Each structure stands twice: as structure tokens, then as C-alpha cells.
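Trainee: Here it is, the structure, as C-alpha cells.
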Amino acid sequence: MRTAEQDPTTGAERPVGTRERIVRAASLLMQRQGYDGTGIKQISTEAGATLGSVYHFFPGGKQQLAVAAIGHGDREFADELRVTLDAATDPAQAVIDCAHSLARGLRESDWVDGCPVTATALGTAGRAPDIQEAAAAAFANWRDLVYARLRRAGFAEDDAHDLAHTVISTLEGAELAAQVSRSERPLLTAGRHLAQLIDLYAPTTDS
């Protein structure tokens, strides 16, 4: 676990605090092993922190830590999604680019680093409402980013809302399918078809 990171403004190295290291370690481990497969002791070891430090920052134990880990995964993907959506002039192409980015990340991790939010939340369905609420908030955040991008491109409000739901839900499912099959194809196919759907609803300009 990294104990320092580069400041994006100055380029200088800055230390990563103990709490942040713990959250990042939990996010990574739950992303790869799920909630039930990850223990507090393993998180403390991965973070280079004592068990006492973990419980100091997270007196609620693993469930509280999982909520923080989901928040971390939410912010990380939101940052990537925002950059990808804004990089392309055409929102349909932006979604294709997002699918390619997800596929590339999976391939480079040897198919182990899927969605940290889904991986953490799925194993707690029906027994950890705080975790479910955090995951729902993450998905809503990502949908809002897609919705805002489509609205900036002139899409009608209702169309942008429905398309944002479809984009995030489809990419999430395709990412899981790609991880299980160890193939980029589900994501790349999903990206192409989502782009075609977006083009169907694209605003037309009067000639």
C-alpha cells in the first residue's frame, strides 16, 4: 500500500494518512475478494496499520469500513468517468471510450479488479442496509454524471435520465460478464450498442 502520492497541483509527493491507507486497502481487498472474504486483520496488514488504528478510525468495524471503501470506489470511478465523458465531443463516443477504459483496466489487472462497489455490496444484500445505501448512492452519482453530459449535449431531460440509467446498468453488467469470462468482448459490445442507442435519441438540428 502506497504511503505517498503525487499532488496533482504541485507534482510533489505528499504522505497518505493512516485512515486513507486503511480505506484504500479495504477497497482493493473487497474489490478482489468481496465483503465476506476480507477480514479486518488482512486490511490492517495491507494498509501497514495496527488493528488498534483500524478500530480507532472505524469503531463500527468492517461494516463501517465497507461503507467508506464504497465511497472511495465511488469517487475513483466518478473521476475517471467525468474525464472520459468530457474528453469526447460526441457523448456516444464517450460511452464507447468508457467501455474500452473499463476493459483495459480489467485486462491489465488480470481480470481481478472489477467494480469495487458491486463486489463489496453484493455479498451484503439484505443484511447490511448501510452498505446497500452507500452502493445505491454511488450508482446514482455515476448516473448523474452521464445525465449531465447528455443534457449538455442537448438531450431531452427524460431521455437523458433514462439513458443514464441504461448506460450505468449495462456497463456494470458487462464489466461483471467480462471479468467472469476473462474477455473484453462483453464490455466492447456493450459500448457499441449503447452508443447506437444514444444516437437514436440524439437531438437533431434544423437545417
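Ligands are numbered from 1 in the order shown, chains are lettered A, B, ... in the order of the C-alpha cells, and residues start at 1 in each chain.
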Using backbone DSSP assignments, extract all helix (DSSP H, G or I) residues from range 69-198 of chain A; output them as a ChimeraX atom specification.
Mentor: /A:69-87,91-108,116-122,129-152,157-181,185-198
Trainee: So that I can see what lies close to Ser44 in chain A, please list as a list in words the residues with an atom at most 9 Å from it, counting only C-alpha atoms and leaving out residues fewer than 3 positions away in the same chain.
Mentor: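 Within the cut-off, the hits are Ile22, Ala25, Ala26, Gly39, Ile40, Lys41, Ala47, Gly48, Ala49, Thr50, Leu51, Ser53 and Val54 of chain A.
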Trainee: What are the nearest atom pairs, with distances in Å to one decimal, for all residues of range 144-169 of chain A that come at most 9 Å from range 80-92 of chain A, using only C-alpha atoms, set out by chain and rising residue number as a tab-separated table?
Mentor:
residue	atom	partner	partner_atom	distance
A:Leu145	CA	A:Arg82	CA	6.7
A:Val146	CA	A:Leu85	CA	7.5
A:Arg149	CA	A:Leu85	CA	6.8
A:Leu150	CA	A:Pro91	CA	6.6
A:Ala153	CA	A:Pro91	CA	7.3
Trainee: So which one's closest to Ala140 in chain A, A:Asp113, A:Asp74, A:Glu20, A:Glu46? Using only C-alpha atoms, please.
Mentor: A:Asp74
Trainee: Rounded to one decimal place, report the CA of Leu102 in chain A-CA of Val67 in chain A distance in Å.
Mentor: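 Atom-to-atom, CA of Leu102 in chain A and CA of Val67 in chain A are spaced 22.7 Å apart.
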Trainee: If you measure from CA of Ser181 in chain A to CA of Thr166 in chain A, what distance in Å do you get, rounded to one decimal?
Mentor: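 Atom-to-atom, CA of Ser181 in chain A to CA of Thr166 in chain A, that is 22.0 Å.
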Trainee: Using only C-alpha atoms, what does the table of range 100-157 of chain A residues within 12 Å of range 187-205 of chain A look like, with each row giving the shortest atom pair and its distance in Å to one decimal, sorted by chain and ascending number, as JSON lines?
Mentor:
{"residue": "A:His100", "atom": "CA", "partner": "A:Leu188", "partner_atom": "CA", "distance": 6.2}
{"residue": "A:Ser101", "atom": "CA", "partner": "A:Leu187", "partner_atom": "CA", "distance": 9.4}
{"residue": "A:Leu102", "atom": "CA", "partner": "A:Leu187", "partner_atom": "CA", "distance": 7.5}
{"residue": "A:Ala103", "atom": "CA", "partner": "A:Leu187", "partner_atom": "CA", "distance": 6.2}
{"residue": "A:Arg104", "atom": "CA", "partner": "A:Leu187", "partner_atom": "CA", "distance": 9.9}
{"residue": "A:Gly105", "atom": "CA", "partner": "A:Leu187", "partner_atom": "CA", "distance": 11.4}
{"residue": "A:Leu106", "atom": "CA", "partner": "A:Leu187", "partner_atom": "CA", "distance": 10.2}
{"residue": "A:Arg107", "atom": "CA", "partner": "A:Leu187", "partner_atom": "CA", "distance": 11.4}
{"residue": "A:Gly114", "atom": "CA", "partner": "A:Leu187", "partner_atom": "CA", "distance": 12.0}
{"residue": "A:Val146", "atom": "CA", "partner": "A:Ile198", "partner_atom": "CA", "distance": 11.3}
{"residue": "A:Tyr147", "atom": "CA", "partner": "A:Ile198", "partner_atom": "CA", "distance": 11.6}
{"residue": "A:Arg149", "atom": "CA", "partner": "A:Ile198", "partner_atom": "CA", "distance": 11.8}
{"residue": "A:Leu150", "atom": "CA", "partner": "A:Ala202", "partner_atom": "CA", "distance": 8.8}
{"residue": "A:Arg151", "atom": "CA", "partner": "A:Pro203", "partner_atom": "CA", "distance": 10.2}
{"residue": "A:Arg152", "atom": "CA", "partner": "A:Pro203", "partner_atom": "CA", "distance": 11.1}
{"residue": "A:Ala153", "atom": "CA", "partner": "A:Pro203", "partner_atom": "CA", "distance": 8.1}
{"residue": "A:Gly154", "atom": "CA", "partner": "A:Pro203", "partner_atom": "CA", "distance": 6.2}
{"residue": "A:Phe155", "atom": "CA", "partner": "A:Pro203", "partner_atom": "CA", "distance": 5.7}
{"residue": "A:Ala156", "atom": "CA", "partner": "A:Pro203", "partner_atom": "CA", "distance": 7.7}
{"residue": "A:Glu157", "atom": "CA", "partner": "A:Tyr201", "partner_atom": "CA", "distance": 11.2}
Trainee: Just N, CA, C and O atoms for this one: save the residues we selected as a PDB file, in the first residue's frame.
Mentor:
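This went into again_24.pdb:
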ATOM      1  N   HIS A 100     -14.152   0.891 -23.261  1.00  0.00           N
ATOM      2  CA  HIS A 100     -12.774   0.487 -23.564  1.00  0.00           C
ATOM      3  C   HIS A 100     -11.877   0.676 -22.348  1.00  0.00           C
ATOM      4  O   HIS A 100     -11.002  -0.153 -22.071  1.00  0.00           O
ATOM      5  N   SER A 101     -12.080   1.773 -21.615  1.00  0.00           N
ATOM      6  CA  SER A 101     -11.271   2.033 -20.426  1.00  0.00           C
ATOM      7  C   SER A 101     -11.504   0.970 -19.360  1.00  0.00           C
ATOM      8  O   SER A 101     -10.556   0.479 -18.730  1.00  0.00           O
ATOM      9  N   LEU A 102     -12.759   0.597 -19.146  1.00  0.00           N
ATOM     10  CA  LEU A 102     -13.065  -0.451 -18.177  1.00  0.00           C
ATOM     11  C   LEU A 102     -12.459  -1.781 -18.602  1.00  0.00           C
ATOM     12  O   LEU A 102     -11.912  -2.528 -17.773  1.00  0.00           O
ATOM     13  N   ALA A 103     -12.550  -2.088 -19.889  1.00  0.00           N
ATOM     14  CA  ALA A 103     -11.984  -3.338 -20.396  1.00  0.00           C
ATOM     15  C   ALA A 103     -10.468  -3.359 -20.223  1.00  0.00           C
ATOM     16  O   ALA A 103      -9.883  -4.376 -19.833  1.00  0.00           O
ATOM     17  N   ARG A 104      -9.835  -2.232 -20.516  1.00  0.00           N
ATOM     18  CA  ARG A 104      -8.382  -2.147 -20.374  1.00  0.00           C
ATOM     19  C   ARG A 104      -7.961  -2.334 -18.922  1.00  0.00           C
ATOM     20  O   ARG A 104      -7.006  -3.050 -18.613  1.00  0.00           O
ATOM     21  N   GLY A 105      -8.683  -1.709 -18.006  1.00  0.00           N
ATOM     22  CA  GLY A 105      -8.366  -1.848 -16.589  1.00  0.00           C
ATOM     23  C   GLY A 105      -8.497  -3.281 -16.117  1.00  0.00           C
ATOM     24  O   GLY A 105      -7.661  -3.778 -15.342  1.00  0.00           O
ATOM     25  N   LEU A 106      -9.545  -3.964 -16.552  1.00  0.00           N
ATOM     26  CA  LEU A 106      -9.727  -5.366 -16.181  1.00  0.00           C
ATOM     27  C   LEU A 106      -8.594  -6.226 -16.725  1.00  0.00           C
ATOM     28  O   LEU A 106      -8.029  -7.069 -16.013  1.00  0.00           O
ATOM     29  N   ARG A 107      -8.276  -6.027 -17.999  1.00  0.00           N
ATOM     30  CA  ARG A 107      -7.223  -6.832 -18.624  1.00  0.00           C
ATOM     31  C   ARG A 107      -5.882  -6.613 -17.929  1.00  0.00           C
ATOM     32  O   ARG A 107      -5.158  -7.578 -17.644  1.00  0.00           O
ATOM     33  N   GLY A 114     -12.539  -5.794 -10.672  1.00  0.00           N
ATOM     34  CA  GLY A 114     -13.822  -5.369 -11.204  1.00  0.00           C
ATOM     35  C   GLY A 114     -14.320  -4.138 -10.468  1.00  0.00           C
ATOM     36  O   GLY A 114     -13.549  -3.378  -9.895  1.00  0.00           O
ATOM     37  N   VAL A 146     -23.516  10.902 -16.173  1.00  0.00           N
ATOM     38  CA  VAL A 146     -23.927  10.609 -17.543  1.00  0.00           C
ATOM     39  C   VAL A 146     -25.095  11.508 -17.943  1.00  0.00           C
ATOM     40  O   VAL A 146     -25.124  12.058 -19.056  1.00  0.00           O
ATOM     41  N   TYR A 147     -26.052  11.649 -17.037  1.00  0.00           N
ATOM     42  CA  TYR A 147     -27.206  12.511 -17.297  1.00  0.00           C
ATOM     43  C   TYR A 147     -26.759  13.938 -17.621  1.00  0.00           C
ATOM     44  O   TYR A 147     -27.227  14.551 -18.603  1.00  0.00           O
ATOM     45  N   ARG A 149     -23.907  14.974 -18.730  1.00  0.00           N
ATOM     46  CA  ARG A 149     -23.208  15.032 -20.022  1.00  0.00           C
ATOM     47  C   ARG A 149     -24.194  15.028 -21.181  1.00  0.00           C
ATOM     48  O   ARG A 149     -24.031  15.769 -22.168  1.00  0.00           O
ATOM     49  N   LEU A 150     -25.225  14.203 -21.083  1.00  0.00           N
ATOM     50  CA  LEU A 150     -26.225  14.148 -22.141  1.00  0.00           C
ATOM     51  C   LEU A 150     -27.024  15.447 -22.213  1.00  0.00           C
ATOM     52  O   LEU A 150     -27.340  15.933 -23.306  1.00  0.00           O
ATOM     53  N   ARG A 151     -27.345  16.013 -21.083  1.00  0.00           N
ATOM     54  CA  ARG A 151     -28.075  17.279 -21.077  1.00  0.00           C
ATOM     55  C   ARG A 151     -27.241  18.392 -21.711  1.00  0.00           C
ATOM     56  O   ARG A 151     -27.770  19.236 -22.444  1.00  0.00           O
ATOM     57  N   ARG A 152     -25.933  18.381 -21.427  1.00  0.00           N
ATOM     58  CA  ARG A 152     -25.060  19.391 -22.053  1.00  0.00           C
ATOM     59  C   ARG A 152     -25.027  19.228 -23.564  1.00  0.00           C
ATOM     60  O   ARG A 152     -24.797  20.199 -24.290  1.00  0.00           O
ATOM     61  N   ALA A 153     -25.246  17.996 -24.027  1.00  0.00           N
ATOM     62  CA  ALA A 153     -25.252  17.740 -25.469  1.00  0.00           C
ATOM     63  C   ALA A 153     -26.617  18.010 -26.094  1.00  0.00           C
ATOM     64  O   ALA A 153     -26.798  17.805 -27.295  1.00  0.00           O
ATOM     65  N   GLY A 154     -27.575  18.455 -25.281  1.00  0.00           N
ATOM     66  CA  GLY A 154     -28.864  18.848 -25.820  1.00  0.00           C
ATOM     67  C   GLY A 154     -29.948  17.792 -25.768  1.00  0.00           C
ATOM     68  O   GLY A 154     -31.030  17.984 -26.342  1.00  0.00           O
ATOM     69  N   PHE A 155     -29.704  16.669 -25.089  1.00  0.00           N
ATOM     70  CA  PHE A 155     -30.714  15.622 -24.987  1.00  0.00           C
ATOM     71  C   PHE A 155     -31.867  16.101 -24.106  1.00  0.00           C
ATOM     72  O   PHE A 155     -31.670  16.840 -23.142  1.00  0.00           O
ATOM     73  N   ALA A 156     -33.078  15.635 -24.430  1.00  0.00           N
ATOM     74  CA  ALA A 156     -34.247  15.961 -23.622  1.00  0.00           C
ATOM     75  C   ALA A 156     -34.073  15.386 -22.222  1.00  0.00           C
ATOM     76  O   ALA A 156     -33.411  14.361 -22.032  1.00  0.00           O
ATOM     77  N   GLU A 157     -34.691  16.033 -21.246  1.00  0.00           N
ATOM     78  CA  GLU A 157     -34.498  15.643 -19.850  1.00  0.00           C
ATOM     79  C   GLU A 157     -34.880  14.185 -19.592  1.00  0.00           C
ATOM     80  O   GLU A 157     -34.118  13.441 -18.975  1.00  0.00           O
TER      81      GLU A 157
END
Trainee: What does the distance from CA of Ala69 in chain A to CA of Ala99 in chain A come to in Å, to one decimal?
Mentor: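 That distance, rounded to one decimal, is 23.1 Å.
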Trainee: Determine the nearest neighbour of Asp162 in chain A from the options A:Ala177, A:Asp144, A:Ala66, A:Val112, counting only C-alpha atoms.
Mentor: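 So, comparing all the options, the nearest one is A:Asp144.
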Trainee: Taking the DSSP secondary structure from the backbone, can you list the residues of chain A that are strand (DSSP E), as number ranges by chain?
Mentor: A: 4-6, 13-15
Trainee: Applying 8 Å and only C-alpha atoms, which residues near Arg182 in chain A remain after dropping the ones on its own chain fewer than 3 positions away? List them as a PyMOL selection string.
Mentor: chain A and resi 107+111+178-179
Trainee: Using only C-alpha atoms, pick whichever of A:Ala78, A:Ile43, A:Val117, A:Ile168 has the shortest atom-to-atom distance to Val95 in chain A.
Mentor: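 Nearest to Val95 in chain A: A:Ile168.
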Trainee: What lies within 9 Å of Thr38 in chain A using only C-alpha atoms, ignoring chain neighbours under 4 positions off, as a PyMOL selection string?
Mentor: chain A and resi 26+29-30+32-34+42-43+62
Trainee: For those residues, write C-alpha atoms to a file as a PDB file, in the first residue's frame.
Mentor:
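So part-v8.pdb came out as:
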ATOM      1  CA  ALA A  26     -10.254  -2.187   2.268  1.00  0.00           C
ATOM      2  CA  LEU A  29      -9.308  -6.182  -0.959  1.00  0.00           C
ATOM      3  CA  MET A  30     -13.109  -6.107  -1.076  1.00  0.00           C
ATOM      4  CA  ARG A  32     -10.950  -8.605  -5.274  1.00  0.00           C
ATOM      5  CA  GLN A  33     -12.321 -10.815  -2.518  1.00  0.00           C
ATOM      6  CA  GLY A  34     -15.750  -9.455  -1.678  1.00  0.00           C
ATOM      7  CA  GLN A  42      -5.898  -8.539   6.430  1.00  0.00           C
ATOM      8  CA  ILE A  43      -6.941  -4.936   5.845  1.00  0.00           C
ATOM      9  CA  LYS A  62     -15.878  -3.998   8.944  1.00  0.00           C
TER      10      LYS A  62
END
